[in-house]
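J.: My structure file start08.cif, mmCIF, C-alpha atoms, is below:
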```cif
data_input
#
loop_
_atom_site.label_atom_id
_atom_site.label_comp_id
_atom_site.auth_asym_id
_atom_site.auth_seq_id
_atom_site.Cartn_x
_atom_site.Cartn_y
_atom_site.Cartn_z
CA MET A 801 65.47 146.69 -35.16
CA SER A 802 62.61 148.79 -36.44
CA PRO A 803 59.00 147.76 -35.64
CA ALA A 804 57.18 145.56 -38.12
CA VAL A 805 55.23 147.33 -40.84
CA VAL A 806 51.55 147.87 -40.21
CA PRO A 807 49.09 148.68 -43.02
CA PRO A 808 47.66 152.20 -42.95
CA VAL A 809 44.82 152.33 -40.45
CA GLY A 810 42.86 154.77 -42.61
CA ALA A 811 42.90 152.49 -45.65
CA ARG A 812 41.54 149.58 -43.63
CA ILE A 813 38.84 151.75 -42.09
CA ARG A 814 37.80 152.96 -45.54
CA GLN A 815 37.75 149.37 -46.82
CA ALA A 816 35.45 148.28 -44.00
CA ARG A 817 33.19 151.32 -44.46
CA LEU A 818 32.79 150.77 -48.20
CA GLU A 819 32.16 147.05 -47.82
CA ARG A 820 29.32 147.87 -45.44
CA GLY A 821 27.88 150.50 -47.76
CA THR A 822 28.20 153.26 -45.17
CA SER A 823 28.81 156.78 -46.42
CA LEU A 824 31.57 158.90 -44.95
CA ARG A 825 29.04 161.41 -43.62
CA ALA A 826 26.86 158.69 -42.10
CA LEU A 827 29.83 157.24 -40.22
CA ALA A 828 30.83 160.69 -39.01
CA ARG A 829 27.32 161.37 -37.73
CA GLU A 830 27.17 158.02 -35.95
CA ILE A 831 30.38 158.55 -33.99
CA GLY A 832 29.88 162.28 -33.40
CA VAL A 833 32.81 163.75 -35.34
CA SER A 834 33.10 165.81 -38.50
CA ALA A 835 33.10 164.20 -41.94
CA SER A 836 36.36 166.02 -42.68
CA LEU A 837 38.05 164.27 -39.74
CA VAL A 838 36.93 160.85 -40.96
CA SER A 839 38.17 161.73 -44.44
CA GLN A 840 41.56 162.82 -43.07
CA ILE A 841 41.84 159.58 -41.09
CA GLU A 842 40.99 157.47 -44.13
CA THR A 843 43.51 159.26 -46.34
CA GLY A 844 46.24 159.10 -43.68
CA LYS A 845 46.43 162.86 -43.21
CA SER A 846 45.39 162.46 -39.57
CA GLN A 847 45.58 159.67 -37.00
CA PRO A 848 42.58 158.85 -34.79
CA SER A 849 42.74 159.13 -31.02
CA VAL A 850 42.13 155.99 -28.98
CA SER A 851 38.53 157.02 -28.31
CA THR A 852 37.83 157.84 -31.96
CA LEU A 853 39.41 154.57 -33.10
CA TYR A 854 37.19 152.54 -30.78
CA ALA A 855 34.14 154.53 -31.90
CA ILE A 856 34.89 153.86 -35.56
CA THR A 857 35.58 150.15 -35.16
CA THR A 858 32.45 149.72 -33.03
CA ALA A 859 30.32 151.50 -35.63
CA LEU A 860 31.76 149.41 -38.47
CA GLY A 861 31.61 146.12 -36.55
CA ILE A 862 35.31 145.36 -36.83
CA SER A 863 37.90 144.68 -34.15
CA VAL A 864 40.74 147.01 -33.25
CA GLU A 865 43.05 144.01 -33.38
CA SER A 866 42.16 143.46 -37.06
CA LEU A 867 43.68 146.84 -37.97
CA PHE A 868 47.12 145.32 -37.43
CA ASP A 869 46.60 142.52 -39.92
CA ALA A 870 47.94 143.26 -43.39
CA ARG A 871 46.85 139.93 -44.84
CA GLU A 872 43.39 139.52 -43.36
CA SER A 873 40.11 141.13 -44.37
CA VAL A 874 38.82 143.61 -41.81
CA ALA A 875 35.32 142.81 -42.98
CA ALA A 876 35.32 139.23 -41.70
CA SER A 877 31.90 137.96 -40.74
CA PRO A 878 31.02 138.66 -37.08
CA LEU A 879 29.32 135.26 -36.94
CA ALA A 880 32.46 133.51 -38.19
CA ALA A 881 34.57 135.32 -35.62
CA SER A 882 32.19 134.58 -32.75
CA THR A 883 32.11 130.86 -33.53
CA ALA A 884 35.89 130.52 -33.92
CA THR A 885 37.51 128.01 -31.57
CA VAL A 886 41.01 127.24 -30.38
CA PRO A 887 41.29 124.27 -32.80
CA HIS A 888 40.41 126.67 -35.64
CA ALA A 889 43.17 128.99 -34.45
CA LEU A 890 45.68 126.15 -34.31
CA ALA A 891 44.68 125.10 -37.81
CA ALA A 892 45.30 128.66 -39.00
CA PHE A 893 48.77 128.51 -37.45
CA ALA A 894 49.60 125.38 -39.40
CA ALA A 895 48.03 126.53 -42.65
CA ASP A 896 49.76 129.89 -42.84
CA PRO A 897 52.39 130.46 -40.15
CA GLY A 898 53.38 133.76 -41.78
CA ARG A 899 50.08 135.27 -40.62
CA ARG A 900 50.65 134.75 -36.92
CA ILE A 901 52.35 137.11 -34.54
CA GLY A 902 53.61 134.59 -32.02
CA PRO A 903 54.01 132.38 -30.11
CA LEU A 904 57.19 134.41 -29.52
CA VAL A 905 57.38 138.08 -30.51
CA GLY A 906 60.83 139.66 -30.35
CA SER A 907 61.23 143.26 -29.24
CA GLY A 908 62.05 144.27 -32.81
CA GLY A 909 59.13 142.40 -34.35
CA ARG A 910 56.21 144.14 -32.70
CA GLU A 911 53.72 145.81 -35.02
CA THR A 912 53.09 149.42 -34.06
CA LEU A 913 50.22 151.87 -34.42
CA GLU A 914 50.89 155.57 -33.85
CA LEU A 915 47.68 157.21 -32.69
CA ASP A 916 46.70 160.82 -32.12
CA SER A 917 47.14 162.61 -28.79
CA GLY A 918 50.51 161.03 -28.00
CA VAL A 919 49.54 157.35 -27.77
CA VAL A 920 51.44 154.39 -29.26
CA TRP A 921 50.18 150.80 -29.39
CA GLU A 922 52.51 147.85 -30.01
CA ARG A 923 50.93 144.44 -30.56
CA LEU A 924 52.49 141.81 -28.28
CA GLY A 925 50.84 138.82 -29.90
CA ARG A 926 47.74 137.31 -31.40
CA VAL A 927 45.91 134.01 -31.86
CA PRO A 928 43.81 133.76 -35.07
CA GLY A 929 40.11 133.47 -34.30
CA VAL A 930 40.45 134.90 -30.79
CA GLU A 931 39.07 138.38 -30.20
CA ALA A 932 41.53 140.12 -27.89
CA ASP A 933 43.84 143.13 -27.89
CA PHE A 934 47.22 142.35 -26.28
CA LEU A 935 49.24 145.55 -26.36
CA LEU A 936 52.23 147.43 -25.03
CA VAL A 937 50.79 150.92 -24.59
CA THR A 938 52.77 154.16 -24.32
CA TYR A 939 51.28 157.52 -23.34
CA ARG A 940 53.79 160.25 -24.04
CA PRO A 941 53.91 163.27 -21.70
CA GLY A 942 50.62 165.12 -22.19
CA GLY A 943 49.18 162.13 -24.05
CA SER A 944 45.52 161.18 -23.69
CA SER A 945 43.13 158.55 -25.01
CA SER A 946 40.83 161.39 -26.08
CA GLY A 947 42.11 164.63 -27.58
CA SER A 948 38.78 166.32 -26.81
CA GLY A 949 38.83 165.21 -23.18
CA GLY A 950 35.69 163.09 -23.56
CA LEU A 951 35.22 159.66 -22.04
CA MET A 952 35.05 156.56 -24.22
CA ARG A 953 33.33 153.20 -23.90
CA HIS A 954 33.60 150.03 -25.93
CA ALA A 955 32.94 146.31 -25.68
CA GLY A 956 35.20 143.97 -23.74
CA THR A 957 36.89 143.63 -20.37
CA GLU A 958 40.03 145.71 -19.86
CA TYR A 959 43.12 144.74 -17.89
CA GLY A 960 46.18 146.96 -17.53
CA TYR A 961 49.53 146.86 -15.74
CA LEU A 962 51.71 149.97 -15.64
CA THR A 963 55.43 149.26 -15.87
CA SER A 964 56.77 152.83 -15.75
CA GLY A 965 55.60 156.42 -15.39
CA ALA A 966 52.19 157.46 -14.10
CA LEU A 967 48.78 157.47 -15.74
CA VAL A 968 45.53 159.09 -14.63
CA LEU A 969 42.44 156.96 -15.22
CA THR A 970 38.99 158.51 -15.19
CA LEU A 971 36.52 155.67 -14.68
CA GLY A 972 32.89 156.72 -14.48
CA PHE A 973 32.74 159.42 -11.82
CA GLU A 974 36.01 158.39 -10.15
CA GLU A 975 39.62 159.32 -10.91
CA TYR A 976 42.62 157.12 -10.12
CA THR A 977 46.37 157.64 -10.48
CA LEU A 978 48.23 154.54 -11.66
CA ARG A 979 51.94 154.33 -10.88
CA ALA A 980 54.56 151.77 -11.88
CA GLY A 981 53.54 148.41 -10.46
CA ASP A 982 49.82 149.26 -10.27
CA SER A 983 47.21 147.32 -12.19
CA VAL A 984 43.60 147.95 -13.15
CA CYS A 985 40.67 145.98 -14.54
CA PHE A 986 37.11 146.94 -15.44
CA GLU A 987 34.33 146.43 -17.95
CA SER A 988 35.20 148.60 -20.97
CA THR A 989 31.56 149.64 -21.34
CA THR A 990 32.18 151.89 -18.32
CA PRO A 991 32.98 155.41 -19.59
CA HIS A 992 36.71 155.96 -19.16
CA ARG A 993 39.74 157.95 -20.24
CA TYR A 994 43.51 157.77 -19.72
CA ARG A 995 45.90 160.71 -19.65
CA ASN A 996 49.55 161.29 -18.78
CA ASP A 997 50.03 164.47 -16.76
CA GLY A 998 53.69 163.70 -16.07
CA GLU A 999 56.96 164.61 -17.75
CA VAL A 1000 57.99 161.06 -18.68
CA PRO A 1001 56.21 158.44 -20.83
CA ALA A 1002 53.73 156.14 -19.11
CA VAL A 1003 54.20 152.59 -20.37
CA GLY A 1004 52.19 149.48 -19.59
CA VAL A 1005 50.79 146.20 -20.84
CA TRP A 1006 47.09 146.23 -21.71
CA PHE A 1007 44.75 143.36 -22.53
CA VAL A 1008 41.17 143.80 -23.69
CA SER A 1009 39.34 140.48 -23.87
CA GLY A 1010 35.92 139.36 -24.98
CA ASP A 1011 33.88 140.93 -27.76
CA VAL A 1012 36.26 143.81 -28.53
CA ARG A 1013 34.42 144.83 -31.71
#
```
Represent the structure from my file as structure tokens, please.
T.:
Amino acid sequence: MSPAVVPPVGARIRQARLERGTSLRALAREIGVSASLVSQIETGKSQPSVSTLYAITTALGISVESLFDARESVAASPLAASTATVPHALAAFAADPGRRIGPLVGSGGRETLELDSGVVWERLGRVPGVEADFLLVTYRPGGSSSGSGGLMRHAGTEYGYLTSGALVLTLGFEEYTLRAGDSVCFESTTPHRYRNDGEVPAVGVWFVSGDVR
């Protein structure tokens, strides 16, 4: 079974940018990349790296998780999101079950985002109104969360469990090698980067909780 269809990331980024009245050049300046790169991402000619994607969503005040949702507005009010409760989420389940990805997600039903620098994200599930990224993450050989080699930081608390391969994590001034069976957790505001120096894909389950926008 092929993965579920995911709307173009660039189109959703452009939608959020325009709804906030931010120019392409202003967004580029804010996140420290060229305007041409932002333009290429918005038109689908280029995919963002993990670090660039987090920088863009942070600047625009949207969640990474919202990029998967074809039927929801990426420009939802931050206040509305922050005040959402579990009962609200359960009501959303009942009102429109077609919007939910869960409670069970089959291996062929995962929505997939192909990012730059050899990284693939597959969404393992979601609960409407809950800000969290629950992902199966693959770093292909040579893959990295930042094509430029820079460290990234974003809101939330990050938990990861590596199921196969090996992954090098730079966390602040320290460097760690994660191997199959290893797990990691840290505040995502700590500068960090992942890279796969091996010859086989590094695959793991990642969960970023809290205010991930």
J.: Which residue, A:Ile841, A:Leu978, A:Val984, A:Met952, has the smallest gap to Pro808 (chain A) when you use all atoms listed in the file?
T.: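 Under the stated criterion, the closest residue is A:Ile841.
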J.: For Gly949 (chain A), please output as a list in words all residues within 10 Å (counting all atoms listed in the file; exclusion window: fewer than 6 positions along the same chain).
T.: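 Those residues are Ser851, Arg993, Tyr994 and Arg995 of chain A.
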J.: State, in Å with one decimal place, the distance from CA of Arg817 (chain A) to CA of Ser839 (chain A).
T.: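 About the pair CA of Arg817 (chain A) and CA of Ser839 (chain A): they are 11.5 Å apart.
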J.: Can you turn the PyMOL selection byres ((chain A and resi 843) around 12) into a concrete residue list for this file, as JSON, numbers by chain?
T.: {"A": [808, 809, 810, 811, 812, 813, 814, 815, 836, 837, 838, 839, 840, 841, 842, 844, 845, 846, 847, 848]}
J.: Would you kindly translate the PyMOL selection byres ((chain A and resi 975) around 12) into the concrete residues it picks from this file, as a PDB file with C-alpha atoms, in the frame of the given file?
T.:
```pdb
ATOM      1  CA  LEU A 951      35.220 159.660 -22.040  1.00  0.00           C
ATOM      2  CA  LEU A 967      48.780 157.470 -15.740  1.00  0.00           C
ATOM      3  CA  VAL A 968      45.530 159.090 -14.630  1.00  0.00           C
ATOM      4  CA  LEU A 969      42.440 156.960 -15.220  1.00  0.00           C
ATOM      5  CA  THR A 970      38.990 158.510 -15.190  1.00  0.00           C
ATOM      6  CA  LEU A 971      36.520 155.670 -14.680  1.00  0.00           C
ATOM      7  CA  GLY A 972      32.890 156.720 -14.480  1.00  0.00           C
ATOM      8  CA  PHE A 973      32.740 159.420 -11.820  1.00  0.00           C
ATOM      9  CA  GLU A 974      36.010 158.390 -10.150  1.00  0.00           C
ATOM     10  CA  TYR A 976      42.620 157.120 -10.120  1.00  0.00           C
ATOM     11  CA  THR A 977      46.370 157.640 -10.480  1.00  0.00           C
ATOM     12  CA  LEU A 978      48.230 154.540 -11.660  1.00  0.00           C
ATOM     13  CA  PRO A 991      32.980 155.410 -19.590  1.00  0.00           C
ATOM     14  CA  HIS A 992      36.710 155.960 -19.160  1.00  0.00           C
ATOM     15  CA  ARG A 993      39.740 157.950 -20.240  1.00  0.00           C
ATOM     16  CA  TYR A 994      43.510 157.770 -19.720  1.00  0.00           C
ATOM     17  CA  ARG A 995      45.900 160.710 -19.650  1.00  0.00           C
TER      18      ARG A 995
END
```
J.: Hey, which of A:Ser1009, A:Ser917, A:Thr938, A:Ser983 ends up closest to Thr957 (chain A)? Count only C-alpha atoms.
T.: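 Of the candidates, the smallest distance to Thr957 (chain A) is held by A:Ser1009.
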J.: Under the rule that all atoms listed in the file are counted, which of A:Ser834, A:Thr852, A:Ser944, A:Thr858 is the nearest residue to Ala816 (chain A)?
T.: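 Checking each candidate against Ala816 (chain A), we get A:Thr858 as the closest.
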J.: By how many Å are CA of Leu915 (chain A) and CA of Gly832 (chain A) apart?
T.: 18.5 Å
J.: How many Å separate CA of Ala855 (chain A) from CA of Ser988 (chain A)?
T.: 12.5 Å
J.: Quick one: apply the PyMOL selection byres ((chain A and resi 925) around 8) to the file and drop the selected residues here as a ChimeraX atom specification.
T.: /A:901-905,923-924,926-927,934-935
J.: Would you compute an axis-aligned box for region 933-945 of chain A, covering every atom listed for it in the file with 4 Å of margin on each side, and report centre and edge lengths in Å to one decimal as JSON?
T.:
```
{"center_x": 48.5, "center_y": 153.7, "center_z": -24.8, "size_x": 18.8, "size_y": 30.8, "size_z": 14.2}
```
J.: Got a sec: who's within 6 Å of Phe1007 (chain A), counting only C-alpha atoms, leaving out chain neighbours fewer than 6 positions off, as number ranges by chain?
T.: A: 933-934, 958-959
J.: Considering only C-alpha atoms, state which residue in the set A:Arg940, A:Arg820, A:Arg825, A:Arg979 is at the smallest distance from Gly960 (chain A).
T.: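 Going through A:Arg940, A:Arg820, A:Arg825, A:Arg979 one by one, the smallest distance to Gly960 (chain A) is for A:Arg979.
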J.: Could you check which of A:Asp997, A:Asp916, A:Glu931, A:Asp982 is closest to Tyr961 (chain A), using only C-alpha atoms?
T.: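 The closest residue to Tyr961 (chain A) is A:Asp982.
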J.: So which one's closest to Ala1002 (chain A), A:Thr963, A:Ser823, A:Ser849, A:Ser945? Using all atoms listed in the file, please.
T.: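 Ranking A:Thr963, A:Ser823, A:Ser849, A:Ser945 by distance to Ala1002 (chain A), first place goes to A:Thr963.
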